[in-house]
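Chemist: Dropping a structure here in structure tokens format, bear with me for questions.
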Amino acid sequence: MTHMPANDLPRPIYLDYQATTPCDPRVVEVMLPYFTEKFGNPHSRNHMYGWEAEEAVEKARAQVGAIIGASDKEIIFTSGATESNNLAIKGVAQFYKEKKNHIITVVTEHKCVLDTCRHLELDGFEVTYLPVKTDGLIDLDQLKSAIKDTTVLVSVMAVNNEIGVIQPMHEIGAICRAAGVFFHTDCAQAVGKIPLDVDAMNIDLMSISGHKIYGPKGIGALYVRRKPRVRLMAQINGGGQERGMRSGTLATPLCAGIGEACRIAQAEMEAEAKRLTALRDRFLKIVMSGLPQVYVNGHLDKRIPGNLNLSFAFVEGEGLMMAVKELAVSSGSACTSASLEPSYVLRALGLEAEMAHTSLRIGLGRTTTEAEVDIAASLLVERVTKLRAFSPLWEMAEAGIDIKSIQWAEH
Amino acid sequence: MSYSDKVIDHFENPRNVGSLNKDDAHVGTGLVGAPACGDVMRLQIQVSPEGIIEDAKFKTFGCGSAIASSSLVTEWVKGKTLDEASSIKNTDIAQHLALPPVKIHCSVLAEDAIKAAITDYKTKHGPAKNGEAAQ
């Protein structure tokens with residue numbers, strides 16, 4: 001078997017920034033001293049080693065809070081957005097379970113939210129999974145009518161990881177506040193990409209990831225509102241760190257890293273959003289002018305600048321990824337998942353399975369250049385054309401045969 | 001997912017891509033799979049009066065392993081009798097291409113495509129294989 005890429009091969013152009021991002025060198029620089037000379041335990045109160053580590057952690061806490069309009073006292077460090085989502089949803093559900101037992105979420109949430117909710121269902125909680133419209137956004141009237149007396153929490157992601165669409169955060173927050181229901185949002189894909197303000201948006205809990213914002217992997221944060229206070233049942237018990245909500249010694253270098261990553265993202269967000277929007281439009285223009293029958297999945301405008309999710313009709317996504325091995329992208333095709341089911345997010349938009357199989361997610365980010373966009377988009381045009389020439393479905397479509405009129409033997 | 005060298009070779013240099021005239025009496029066409037499942041293979045064989053497969057063509061919508069499996073079987077069936085071709089097993093295809101377990105269905109589909117093409121050819125020629133149809 002061949003393992004790619006060998007060291008002597010040129011590295012593919014990275015266009016998968018919703019999967020992860022490289023650590024910004026400025027972030028690494030801030031982190032480094034806390035691995036070696038400043039190695040103290042931030043919870044050691046008795047000596048300078050502890051104090052300097054604590055100072056770094058608290059500075060980072062303030063930086064994380066600043067990018068979402070929160071106070072440092074409302075930020076809990078975790079191991080990542082998956083843990084934050086678990087802590088927020090299970091923590092609230094378990095703490096308030098004597099009074100309320102109903103949770104509302106959305107079918108297109110990240111697996112770690114959906115799986116957490118499934119787990120709570122097994123424990124006797126009731127969960128409503130809201131559908132999305134064909135553009136990937138929820139219907140606010142459906143949200144309103146799903147809230148009932150027993151509803152304790154609404155969990156809606158700000159930005160979807162596959163299609164990049166932005167949910168109406170202000171409106172959702174207002175509905176939740178008026179109904180007296182906590183609003184949790186998974187902002188792993190939103191922080192640093194779009195302006196967020198926990199007060200203006202009435203957000204009670206927010207999950208944040210380090211490695212999606214050019215920070216290190218292995219760290220995340222959870223915003224937990226203090227006024228009005230949100231209470232959680234801790235999921236990890238121990239020494240009572242993080243206000244008792246998440247025990248365990250903090251990883252000082254990782255905390256410093258996510259803090260610096262937030263600082264940079266906040267300072268550069270506006271200019272970077274403009275740059276990425278221009279690059280994305282350029283990418284789309286090259287693809288659309290070079291190929292017929294390409295479709296954008298999810299709302300094109302209510303979307304973060306660095307995301308495109310395209311269906312290339314009659315070309316299977318994994319085959320396409322293999323054909324563009326010069327690019328590092330991802331696909332919603334079944335073949336890329338262990339389940340052999342195409343993307344549940346794309347299916348939730350009402351996309352036919354055959355179109356979900358032809359999708360590609362293209363993520364642009366901080367190191368993406370105009371030259372890379374030109375190479376990548378032109379390459380896609382060339383390879384999709386080549387694969388369509390192999391595709392019996394393309395031949396049928398060209399001949400005017402409706403593939404839906406054929407009796408396929410689904411296997 | 002990493003691919004074997006043979007899969008990469010067939011994917012990058014597919015053999016016998018194309019179409020034969022499906023209305024030709026000497027041509028058998030097999031169309032298997034489903035777009036909703038992410039793979040569709042069309043395998044066509046051209047059979048000589050002596051019952052030998054003289055030519056084979058394919059078009060496939062699918063992942064790299066599906067394209068490689070169909071490319072491989074077009075090579076394998078050429079020069080074979082119908083009986084020999086129908087004895088090709090998916091396990092032979094999977095083994096030759098070193099397909100991982102999640103890709104075994106691609107080889108199953110390729111075997112089905114051969115059988116479907118042979119069945120189509122035989123149907124054109126009647127159950128008793130009574131020589132040439134009208135042409």
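The chains in the structure tokens are called A, B, ... from first to last as shown; in each chain the residues are counted from 1, and the ligands are counted from 1 in the order shown.
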Near chain A, meaning an atom within 8 Å, which residues of chain B appear when counting only C-alpha atoms? Write them as a PDB file with all heavy atoms, in the first residue's frame.

Modeler:
ATOM      1  N   SER B   2      -5.685   5.060   2.047  1.00  0.00           N
ATOM      2  CA  SER B   2      -4.569   4.969   1.103  1.00  0.00           C
ATOM      3  C   SER B   2      -4.921   3.907   0.069  1.00  0.00           C
ATOM      4  O   SER B   2      -5.641   2.962   0.353  1.00  0.00           O
ATOM      5  CB  SER B   2      -3.288   4.606   1.840  1.00  0.00           C
ATOM      6  OG  SER B   2      -3.475   3.418   2.559  1.00  0.00           O
ATOM      7  N   TYR B   3      -4.418   4.084  -1.112  1.00  0.00           N
ATOM      8  CA  TYR B   3      -4.765   3.203  -2.223  1.00  0.00           C
ATOM      9  C   TYR B   3      -3.546   2.392  -2.637  1.00  0.00           C
ATOM     10  O   TYR B   3      -2.416   2.859  -2.548  1.00  0.00           O
ATOM     11  CB  TYR B   3      -5.239   4.027  -3.421  1.00  0.00           C
ATOM     12  CG  TYR B   3      -6.459   4.855  -3.125  1.00  0.00           C
ATOM     13  CD1 TYR B   3      -6.341   6.174  -2.709  1.00  0.00           C
ATOM     14  CD2 TYR B   3      -7.725   4.314  -3.241  1.00  0.00           C
ATOM     15  CE1 TYR B   3      -7.470   6.935  -2.422  1.00  0.00           C
ATOM     16  CE2 TYR B   3      -8.864   5.058  -2.968  1.00  0.00           C
ATOM     17  CZ  TYR B   3      -8.724   6.374  -2.559  1.00  0.00           C
ATOM     18  OH  TYR B   3      -9.838   7.118  -2.281  1.00  0.00           O
ATOM     19  N   SER B   4      -3.791   1.201  -3.155  1.00  0.00           N
ATOM     20  CA  SER B   4      -2.683   0.393  -3.646  1.00  0.00           C
ATOM     21  C   SER B   4      -2.185   0.989  -4.961  1.00  0.00           C
ATOM     22  O   SER B   4      -2.895   1.732  -5.646  1.00  0.00           O
ATOM     23  CB  SER B   4      -3.144  -1.045  -3.868  1.00  0.00           C
ATOM     24  OG  SER B   4      -4.020  -1.097  -4.975  1.00  0.00           O
ATOM     25  N   ASP B   5      -0.966   0.638  -5.297  1.00  0.00           N
ATOM     26  CA  ASP B   5      -0.392   1.137  -6.558  1.00  0.00           C
ATOM     27  C   ASP B   5      -1.241   0.717  -7.750  1.00  0.00           C
ATOM     28  O   ASP B   5      -1.383   1.470  -8.718  1.00  0.00           O
ATOM     29  CB  ASP B   5       1.035   0.592  -6.730  1.00  0.00           C
ATOM     30  CG  ASP B   5       1.988   1.216  -5.702  1.00  0.00           C
ATOM     31  OD1 ASP B   5       1.642   2.293  -5.171  1.00  0.00           O
ATOM     32  OD2 ASP B   5       3.050   0.615  -5.441  1.00  0.00           O
ATOM     33  N   GLU B  12      -5.644   6.329 -12.667  1.00  0.00           N
ATOM     34  CA  GLU B  12      -5.007   7.421 -13.422  1.00  0.00           C
ATOM     35  C   GLU B  12      -4.894   7.102 -14.917  1.00  0.00           C
ATOM     36  O   GLU B  12      -4.906   8.016 -15.745  1.00  0.00           O
ATOM     37  CB  GLU B  12      -3.632   7.739 -12.821  1.00  0.00           C
ATOM     38  CG  GLU B  12      -3.809   8.401 -11.455  1.00  0.00           C
ATOM     39  CD  GLU B  12      -2.510   8.846 -10.812  1.00  0.00           C
ATOM     40  OE1 GLU B  12      -1.428   8.439 -11.288  1.00  0.00           O
ATOM     41  OE2 GLU B  12      -2.590   9.593  -9.816  1.00  0.00           O
ATOM     42  N   VAL B  17     -11.890   2.892 -21.473  1.00  0.00           N
ATOM     43  CA  VAL B  17     -13.011   3.776 -21.176  1.00  0.00           C
ATOM     44  C   VAL B  17     -13.770   4.019 -22.467  1.00  0.00           C
ATOM     45  O   VAL B  17     -13.153   4.241 -23.511  1.00  0.00           O
ATOM     46  CB  VAL B  17     -12.527   5.143 -20.644  1.00  0.00           C
ATOM     47  CG1 VAL B  17     -13.710   6.109 -20.483  1.00  0.00           C
ATOM     48  CG2 VAL B  17     -11.816   4.993 -19.323  1.00  0.00           C
ATOM     49  N   GLY B  18     -15.067   3.980 -22.402  1.00  0.00           N
ATOM     50  CA  GLY B  18     -15.836   4.348 -23.585  1.00  0.00           C
ATOM     51  C   GLY B  18     -17.125   3.585 -23.718  1.00  0.00           C
ATOM     52  O   GLY B  18     -17.610   2.984 -22.762  1.00  0.00           O
ATOM     53  N   VAL B  32     -24.987  -1.573 -13.622  1.00  0.00           N
ATOM     54  CA  VAL B  32     -25.265  -1.994 -12.241  1.00  0.00           C
ATOM     55  C   VAL B  32     -24.939  -0.872 -11.255  1.00  0.00           C
ATOM     56  O   VAL B  32     -24.223   0.077 -11.593  1.00  0.00           O
ATOM     57  CB  VAL B  32     -24.459  -3.264 -11.854  1.00  0.00           C
ATOM     58  CG1 VAL B  32     -24.883  -4.459 -12.705  1.00  0.00           C
ATOM     59  CG2 VAL B  32     -22.960  -3.023 -11.961  1.00  0.00           C
ATOM     60  N   GLY B  33     -25.469  -1.014 -10.047  1.00  0.00           N
ATOM     61  CA  GLY B  33     -25.261   0.001  -9.019  1.00  0.00           C
ATOM     62  C   GLY B  33     -26.388   1.012  -9.049  1.00  0.00           C
ATOM     63  O   GLY B  33     -27.373   0.828  -9.762  1.00  0.00           O
ATOM     64  N   ALA B  34     -26.245   2.083  -8.280  1.00  0.00           N
ATOM     65  CA  ALA B  34     -27.271   3.117  -8.218  1.00  0.00           C
ATOM     66  C   ALA B  34     -26.622   4.450  -7.847  1.00  0.00           C
ATOM     67  O   ALA B  34     -25.731   4.484  -7.002  1.00  0.00           O
ATOM     68  CB  ALA B  34     -28.319   2.747  -7.177  1.00  0.00           C
ATOM     69  N   PRO B  35     -27.069   5.533  -8.487  1.00  0.00           N
ATOM     70  CA  PRO B  35     -26.482   6.842  -8.168  1.00  0.00           C
ATOM     71  C   PRO B  35     -26.603   7.175  -6.686  1.00  0.00           C
ATOM     72  O   PRO B  35     -25.687   7.749  -6.095  1.00  0.00           O
ATOM     73  CB  PRO B  35     -27.314   7.816  -9.005  1.00  0.00           C
ATOM     74  CG  PRO B  35     -27.941   6.998 -10.082  1.00  0.00           C
ATOM     75  CD  PRO B  35     -28.110   5.614  -9.534  1.00  0.00           C
ATOM     76  N   ALA B  36     -27.718   6.773  -6.077  1.00  0.00           N
ATOM     77  CA  ALA B  36     -27.931   7.106  -4.665  1.00  0.00           C
ATOM     78  C   ALA B  36     -26.935   6.398  -3.760  1.00  0.00           C
ATOM     79  O   ALA B  36     -26.692   6.836  -2.640  1.00  0.00           O
ATOM     80  CB  ALA B  36     -29.358   6.737  -4.256  1.00  0.00           C
ATOM     81  N   CYS B  37     -26.369   5.305  -4.244  1.00  0.00           N
ATOM     82  CA  CYS B  37     -25.392   4.571  -3.435  1.00  0.00           C
ATOM     83  C   CYS B  37     -23.967   5.037  -3.724  1.00  0.00           C
ATOM     84  O   CYS B  37     -23.018   4.542  -3.111  1.00  0.00           O
ATOM     85  CB  CYS B  37     -25.499   3.076  -3.692  1.00  0.00           C
ATOM     86  SG  CYS B  37     -27.134   2.445  -3.340  1.00  0.00           S
ATOM     87  N   GLY B  38     -23.823   5.908  -4.697  1.00  0.00           N
ATOM     88  CA  GLY B  38     -22.502   6.460  -4.956  1.00  0.00           C
ATOM     89  C   GLY B  38     -21.682   5.683  -5.961  1.00  0.00           C
ATOM     90  O   GLY B  38     -20.522   6.031  -6.203  1.00  0.00           O
ATOM     91  N   ASP B  39     -22.240   4.620  -6.533  1.00  0.00           N
ATOM     92  CA  ASP B  39     -21.511   4.013  -7.656  1.00  0.00           C
ATOM     93  C   ASP B  39     -22.426   3.364  -8.690  1.00  0.00           C
ATOM     94  O   ASP B  39     -23.397   2.700  -8.354  1.00  0.00           O
ATOM     95  CB  ASP B  39     -20.395   3.042  -7.228  1.00  0.00           C
ATOM     96  CG  ASP B  39     -20.668   2.331  -5.926  1.00  0.00           C
ATOM     97  OD1 ASP B  39     -21.846   2.088  -5.653  1.00  0.00           O
ATOM     98  OD2 ASP B  39     -19.694   2.007  -5.215  1.00  0.00           O
ATOM     99  N   VAL B  40     -22.101   3.622  -9.935  1.00  0.00           N
ATOM    100  CA  VAL B  40     -22.799   3.051 -11.083  1.00  0.00           C
ATOM    101  C   VAL B  40     -21.728   2.610 -12.069  1.00  0.00           C
ATOM    102  O   VAL B  40     -20.846   3.386 -12.415  1.00  0.00           O
ATOM    103  CB  VAL B  40     -23.715   4.090 -11.771  1.00  0.00           C
ATOM    104  CG1 VAL B  40     -24.327   3.515 -13.052  1.00  0.00           C
ATOM    105  CG2 VAL B  40     -24.812   4.565 -10.823  1.00  0.00           C
ATOM    106  N   MET B  41     -21.820   1.348 -12.498  1.00  0.00           N
ATOM    107  CA  MET B  41     -20.864   0.844 -13.502  1.00  0.00           C
ATOM    108  C   MET B  41     -21.622   0.431 -14.740  1.00  0.00           C
ATOM    109  O   MET B  41     -22.654  -0.246 -14.647  1.00  0.00           O
ATOM    110  CB  MET B  41     -20.166  -0.421 -12.989  1.00  0.00           C
ATOM    111  CG  MET B  41     -19.035  -0.167 -12.056  1.00  0.00           C
ATOM    112  SD  MET B  41     -18.281  -1.748 -11.597  1.00  0.00           S
ATOM    113  CE  MET B  41     -17.387  -1.180 -10.161  1.00  0.00           C
ATOM    114  N   ARG B  42     -21.068   0.812 -15.890  1.00  0.00           N
ATOM    115  CA  ARG B  42     -21.607   0.279 -17.126  1.00  0.00           C
ATOM    116  C   ARG B  42     -20.475  -0.457 -17.836  1.00  0.00           C
ATOM    117  O   ARG B  42     -19.447   0.139 -18.178  1.00  0.00           O
ATOM    118  CB  ARG B  42     -22.150   1.378 -18.023  1.00  0.00           C
ATOM    119  CG  ARG B  42     -22.904   0.777 -19.227  1.00  0.00           C
ATOM    120  CD  ARG B  42     -23.280   1.797 -20.253  1.00  0.00           C
ATOM    121  NE  ARG B  42     -22.084   2.369 -20.835  1.00  0.00           N
ATOM    122  CZ  ARG B  42     -22.070   3.497 -21.524  1.00  0.00           C
ATOM    123  NH1 ARG B  42     -23.177   4.184 -21.696  1.00  0.00           N
ATOM    124  NH2 ARG B  42     -20.933   3.953 -22.035  1.00  0.00           N
ATOM    125  N   PHE B  58     -15.883   0.399 -20.571  1.00  0.00           N
ATOM    126  CA  PHE B  58     -16.627   0.732 -19.357  1.00  0.00           C
ATOM    127  C   PHE B  58     -16.762   2.232 -19.194  1.00  0.00           C
ATOM    128  O   PHE B  58     -15.984   3.012 -19.755  1.00  0.00           O
ATOM    129  CB  PHE B  58     -15.935   0.141 -18.112  1.00  0.00           C
ATOM    130  CG  PHE B  58     -14.851   1.028 -17.550  1.00  0.00           C
ATOM    131  CD1 PHE B  58     -15.133   1.945 -16.525  1.00  0.00           C
ATOM    132  CD2 PHE B  58     -13.548   0.982 -18.030  1.00  0.00           C
ATOM    133  CE1 PHE B  58     -14.131   2.773 -16.006  1.00  0.00           C
ATOM    134  CE2 PHE B  58     -12.545   1.804 -17.510  1.00  0.00           C
ATOM    135  CZ  PHE B  58     -12.847   2.701 -16.506  1.00  0.00           C
ATOM    136  N   LYS B  59     -17.782   2.585 -18.429  1.00  0.00           N
ATOM    137  CA  LYS B  59     -17.866   3.929 -17.848  1.00  0.00           C
ATOM    138  C   LYS B  59     -18.365   3.737 -16.427  1.00  0.00           C
ATOM    139  O   LYS B  59     -19.280   2.940 -16.192  1.00  0.00           O
ATOM    140  CB  LYS B  59     -18.832   4.831 -18.631  1.00  0.00           C
ATOM    141  CG  LYS B  59     -18.206   5.433 -19.884  1.00  0.00           C
ATOM    142  CD  LYS B  59     -18.975   6.639 -20.379  1.00  0.00           C
ATOM    143  CE  LYS B  59     -18.284   7.215 -21.625  1.00  0.00           C
ATOM    144  NZ  LYS B  59     -18.924   8.474 -22.072  1.00  0.00           N
ATOM    145  N   THR B  60     -17.759   4.424 -15.483  1.00  0.00           N
ATOM    146  CA  THR B  60     -18.122   4.257 -14.073  1.00  0.00           C
ATOM    147  C   THR B  60     -18.223   5.598 -13.360  1.00  0.00           C
ATOM    148  O   THR B  60     -17.355   6.459 -13.516  1.00  0.00           O
ATOM    149  CB  THR B  60     -17.098   3.344 -13.359  1.00  0.00           C
ATOM    150  OG1 THR B  60     -17.252   2.021 -13.871  1.00  0.00           O
ATOM    151  CG2 THR B  60     -17.302   3.314 -11.852  1.00  0.00           C
ATOM    152  N   PHE B  61     -19.292   5.716 -12.596  1.00  0.00           N
ATOM    153  CA  PHE B  61     -19.463   6.817 -11.642  1.00  0.00           C
ATOM    154  C   PHE B  61     -19.154   6.190 -10.289  1.00  0.00           C
ATOM    155  O   PHE B  61     -19.838   5.257  -9.875  1.00  0.00           O
ATOM    156  CB  PHE B  61     -20.916   7.307 -11.697  1.00  0.00           C
ATOM    157  CG  PHE B  61     -21.369   8.129 -10.519  1.00  0.00           C
ATOM    158  CD1 PHE B  61     -21.104   9.495 -10.455  1.00  0.00           C
ATOM    159  CD2 PHE B  61     -22.083   7.554  -9.467  1.00  0.00           C
ATOM    160  CE1 PHE B  61     -21.541  10.250  -9.381  1.00  0.00           C
ATOM    161  CE2 PHE B  61     -22.526   8.318  -8.382  1.00  0.00           C
ATOM    162  CZ  PHE B  61     -22.252   9.675  -8.348  1.00  0.00           C
ATOM    163  N   GLY B  62     -18.106   6.634  -9.649  1.00  0.00           N
ATOM    164  CA  GLY B  62     -17.795   6.028  -8.361  1.00  0.00           C
ATOM    165  C   GLY B  62     -16.439   6.463  -7.861  1.00  0.00           C
ATOM    166  O   GLY B  62     -15.775   7.322  -8.451  1.00  0.00           O
ATOM    167  N   CYS B  63     -16.039   5.838  -6.763  1.00  0.00           N
ATOM    168  CA  CYS B  63     -14.769   6.188  -6.136  1.00  0.00           C
ATOM    169  C   CYS B  63     -13.622   5.571  -6.937  1.00  0.00           C
ATOM    170  O   CYS B  63     -13.840   4.844  -7.918  1.00  0.00           O
ATOM    171  CB  CYS B  63     -14.750   5.697  -4.704  1.00  0.00           C
ATOM    172  SG  CYS B  63     -14.821   3.914  -4.572  1.00  0.00           S
ATOM    173  N   GLY B  64     -12.411   5.830  -6.522  1.00  0.00           N
ATOM    174  CA  GLY B  64     -11.237   5.321  -7.223  1.00  0.00           C
ATOM    175  C   GLY B  64     -11.235   3.804  -7.339  1.00  0.00           C
ATOM    176  O   GLY B  64     -10.880   3.248  -8.385  1.00  0.00           O
ATOM    177  N   ALA B  98      -5.790  -5.250  -4.166  1.00  0.00           N
ATOM    178  CA  ALA B  98      -5.532  -5.061  -2.728  1.00  0.00           C
ATOM    179  C   ALA B  98      -6.549  -4.090  -2.116  1.00  0.00           C
ATOM    180  O   ALA B  98      -6.190  -3.137  -1.428  1.00  0.00           O
ATOM    181  CB  ALA B  98      -4.092  -4.579  -2.488  1.00  0.00           C
ATOM    182  N   VAL B 102     -13.611  -1.954   3.314  1.00  0.00           N
ATOM    183  CA  VAL B 102     -14.722  -1.047   2.982  1.00  0.00           C
ATOM    184  C   VAL B 102     -14.914  -0.882   1.476  1.00  0.00           C
ATOM    185  O   VAL B 102     -15.902  -0.304   1.036  1.00  0.00           O
ATOM    186  CB  VAL B 102     -14.581   0.370   3.603  1.00  0.00           C
ATOM    187  CG1 VAL B 102     -14.594   0.306   5.106  1.00  0.00           C
ATOM    188  CG2 VAL B 102     -13.356   1.106   3.099  1.00  0.00           C
TER     189      VAL B 102
END

Chemist: Quick one: everything within 9 Å of Val27 (chain B), counting only C-alpha atoms, minus sequence neighbours fewer than 2 positions away in the same chain. Send it as a ChimeraX atom specification.

Modeler: /B:20-25,29,44-47,117,120-121,124

Chemist: Using Å and a single decimal, report how far CA of Gly91 (chain A) sits from CA of Ile203 (chain A).

Modeler: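 It comes out at 16.0 Å.
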
Chemist: Show me, as a list in words, the residues that have an atom within 8 Å of His170 (chain A) when counting only C-alpha atoms, minus same-chain residues fewer than 3 positions from it.

Modeler: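 Final neighbour list, sorted by chain and number: Gly173, Ala174, Ala200, Met201 and Asn202 of chain A.
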
Chemist: Atoms to include: all heavy atoms. Write the selected residues as a PDB file, in the first residue's frame.

Modeler:
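Below you can see part-v8.pdb, which holds the result:
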ATOM      1  N   GLY A 173     -31.220  33.897  19.941  1.00  0.00           N
ATOM      2  CA  GLY A 173     -30.954  34.328  21.319  1.00  0.00           C
ATOM      3  C   GLY A 173     -32.143  35.064  21.909  1.00  0.00           C
ATOM      4  O   GLY A 173     -32.521  34.833  23.071  1.00  0.00           O
ATOM      5  N   ALA A 174     -32.768  35.930  21.104  1.00  0.00           N
ATOM      6  CA  ALA A 174     -33.918  36.701  21.593  1.00  0.00           C
ATOM      7  C   ALA A 174     -35.088  35.767  21.926  1.00  0.00           C
ATOM      8  O   ALA A 174     -35.766  35.947  22.945  1.00  0.00           O
ATOM      9  CB  ALA A 174     -34.339  37.733  20.544  1.00  0.00           C
ATOM     10  N   ALA A 200     -25.186  40.785  23.103  1.00  0.00           N
ATOM     11  CA  ALA A 200     -26.097  41.187  22.030  1.00  0.00           C
ATOM     12  C   ALA A 200     -26.885  39.993  21.496  1.00  0.00           C
ATOM     13  O   ALA A 200     -28.026  40.134  21.050  1.00  0.00           O
ATOM     14  CB  ALA A 200     -25.307  41.849  20.893  1.00  0.00           C
ATOM     15  N   MET A 201     -26.274  38.817  21.527  1.00  0.00           N
ATOM     16  CA  MET A 201     -26.927  37.625  20.969  1.00  0.00           C
ATOM     17  C   MET A 201     -27.619  36.770  22.041  1.00  0.00           C
ATOM     18  O   MET A 201     -28.144  35.709  21.725  1.00  0.00           O
ATOM     19  CB  MET A 201     -25.904  36.781  20.217  1.00  0.00           C
ATOM     20  CG  MET A 201     -25.341  37.472  18.980  1.00  0.00           C
ATOM     21  SD  MET A 201     -23.963  36.542  18.274  1.00  0.00           S
ATOM     22  CE  MET A 201     -23.735  37.425  16.714  1.00  0.00           C
ATOM     23  N   ASN A 202     -27.593  37.260  23.281  1.00  0.00           N
ATOM     24  CA  ASN A 202     -28.222  36.512  24.389  1.00  0.00           C
ATOM     25  C   ASN A 202     -27.757  35.062  24.471  1.00  0.00           C
ATOM     26  O   ASN A 202     -28.558  34.135  24.645  1.00  0.00           O
ATOM     27  CB  ASN A 202     -29.748  36.573  24.273  1.00  0.00           C
ATOM     28  CG  ASN A 202     -30.280  37.939  24.659  1.00  0.00           C
ATOM     29  OD1 ASN A 202     -30.009  38.422  25.757  1.00  0.00           O
ATOM     30  ND2 ASN A 202     -30.999  38.568  23.760  1.00  0.00           N
TER      31      ASN A 202
END

Chemist: Here is a test: counting only C-alpha atoms, which residue of A:Arg275, A:Lys302, A:Arg383, A:Lys38 is nearest to Leu327 (chain A)?

Modeler: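 Using only C-alpha atoms, Leu327 (chain A) sits closest to A:Arg383.
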
Chemist: Please provide as a ChimeraX atom specification all residues within 12 Å of Lys274 (chain A), with the sequence filter that same-chain residues fewer than 5 positions apart are discarded (counting only C-alpha atoms).

Modeler: /A:193-194,268-269,279-281,304-306,365-366

Chemist: Can you write just those residues out, N, CA, C and O atoms, as a short mmCIF file (atom, residue, chain, number, x, y, z; two decimals), in the first residue's frame?

Modeler:
data_model
loop_
_atom_site.label_atom_id
_atom_site.label_comp_id
_atom_site.auth_asym_id
_atom_site.auth_seq_id
_atom_site.Cartn_x
_atom_site.Cartn_y
_atom_site.Cartn_z
N LYS A 193 -14.28 34.14 12.72
CA LYS A 193 -14.73 34.24 11.33
C LYS A 193 -15.82 35.29 11.18
O LYS A 193 -15.90 35.99 10.19
N ILE A 194 -16.72 35.34 12.19
CA ILE A 194 -17.80 36.32 12.17
C ILE A 194 -17.84 37.00 13.54
O ILE A 194 -17.42 36.43 14.54
N GLU A 268 -7.52 40.70 13.26
CA GLU A 268 -7.41 40.58 11.80
C GLU A 268 -8.71 40.15 11.12
O GLU A 268 -8.75 40.06 9.89
N MET A 269 -9.74 39.90 11.91
CA MET A 269 -10.96 39.29 11.35
C MET A 269 -11.55 40.09 10.19
O MET A 269 -11.89 39.52 9.15
N LEU A 279 -11.31 35.83 -2.41
CA LEU A 279 -10.72 34.58 -2.90
C LEU A 279 -11.79 33.54 -3.21
O LEU A 279 -11.73 32.82 -4.20
N ARG A 280 -12.78 33.45 -2.33
CA ARG A 280 -13.85 32.48 -2.54
C ARG A 280 -14.64 32.81 -3.81
O ARG A 280 -14.95 31.92 -4.60
N ASP A 281 -14.94 34.09 -4.01
CA ASP A 281 -15.68 34.49 -5.21
C ASP A 281 -14.87 34.17 -6.46
O ASP A 281 -15.41 33.74 -7.48
N ILE A 304 -19.82 31.76 6.09
CA ILE A 304 -18.51 32.33 6.41
C ILE A 304 -17.70 32.48 5.12
O ILE A 304 -17.90 31.73 4.16
N PRO A 305 -16.79 33.45 5.09
CA PRO A 305 -16.07 33.74 3.85
C PRO A 305 -15.24 32.56 3.32
O PRO A 305 -15.11 32.40 2.12
N GLY A 306 -14.69 31.74 4.22
CA GLY A 306 -13.72 30.74 3.78
C GLY A 306 -14.29 29.40 3.39
O GLY A 306 -13.53 28.44 3.25
N GLY A 365 -8.29 29.63 3.91
CA GLY A 365 -7.87 30.19 5.19
C GLY A 365 -6.70 31.15 5.10
O GLY A 365 -6.35 31.63 4.03
N ARG A 366 -6.12 31.36 6.26
CA ARG A 366 -5.13 32.44 6.44
C ARG A 366 -3.94 32.33 5.50
O ARG A 366 -3.37 33.34 5.11
#

Chemist: List every residue of chain B that DSSP, applied to the backbone of this structure, assigns to alpha helix (DSSP H), and report them as a count of residues only.

Modeler: 56

Chemist: Determine, counting only C-alpha atoms, which protein, DNA and RNA residues have an atom within 12 Å of an atom of Pro168 (chain A); residues of the same chain fewer than 5 positions away are not included. Present the result as a ChimeraX atom specification.

Modeler: /A:136-140,143,156-159,173-175,185,196,201-202,302-303

Chemist: What lies within 6 Å of Lys80 (chain B) using only C-alpha atoms, ignoring chain neighbours under 4 positions off, as a list in words?

Modeler: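 Near Lys80 (chain B), the qualifying residues are Ile52, Ile53, Glu84 and Ala85 of chain B.
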
Chemist: Output N, CA and C atoms of each residue in that selection to a file, as a short mmCIF file (atom, residue, chain, number, x, y, z; two decimals), in the first residue's frame.

Modeler:
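Output saved as out_11.cif:
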data_model
loop_
_atom_site.label_atom_id
_atom_site.label_comp_id
_atom_site.auth_asym_id
_atom_site.auth_seq_id
_atom_site.Cartn_x
_atom_site.Cartn_y
_atom_site.Cartn_z
N ILE B 52 -16.31 -15.47 -28.33
CA ILE B 52 -15.17 -14.91 -27.59
C ILE B 52 -15.39 -13.40 -27.40
N ILE B 53 -15.06 -12.90 -26.22
CA ILE B 53 -15.19 -11.45 -25.98
C ILE B 53 -14.01 -10.76 -26.66
N GLU B 84 -15.94 -18.41 -19.36
CA GLU B 84 -14.72 -18.04 -18.61
C GLU B 84 -14.92 -16.69 -17.92
N ALA B 85 -15.48 -15.74 -18.66
CA ALA B 85 -15.68 -14.40 -18.09
C ALA B 85 -16.63 -14.44 -16.90
#

Chemist: Skip region 232-241 of chain A itself and residues of its chain fewer than 6 positions away, then list as a PyMOL selection string all residues within 7 Å of it, counting only C-alpha atoms.

Modeler: chain A and resi 87+91-92+94-95+247-248

Chemist: So how many Å separate CA of Leu310 (chain A) and CA of Ser359 (chain A), to one decimal?

Modeler: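 Taking CA of Leu310 (chain A) and CA of Ser359 (chain A), their separation equals 5.3 Å.
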
Chemist: Tell me, in Å to one decimal, how far CA of Pro10 (chain A) is from CA of Phe11 (chain B).

Modeler: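 Distance reported for this atom pair: 20.3 Å.
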
Chemist: I need the strand (DSSP E) residues of region 217-379 of chain A per DSSP on the backbone, written as a VMD selection string.

Modeler: chain A and resid 220 to 224 294 to 296 307 to 312 327 to 328 330 to 331 359 to 363
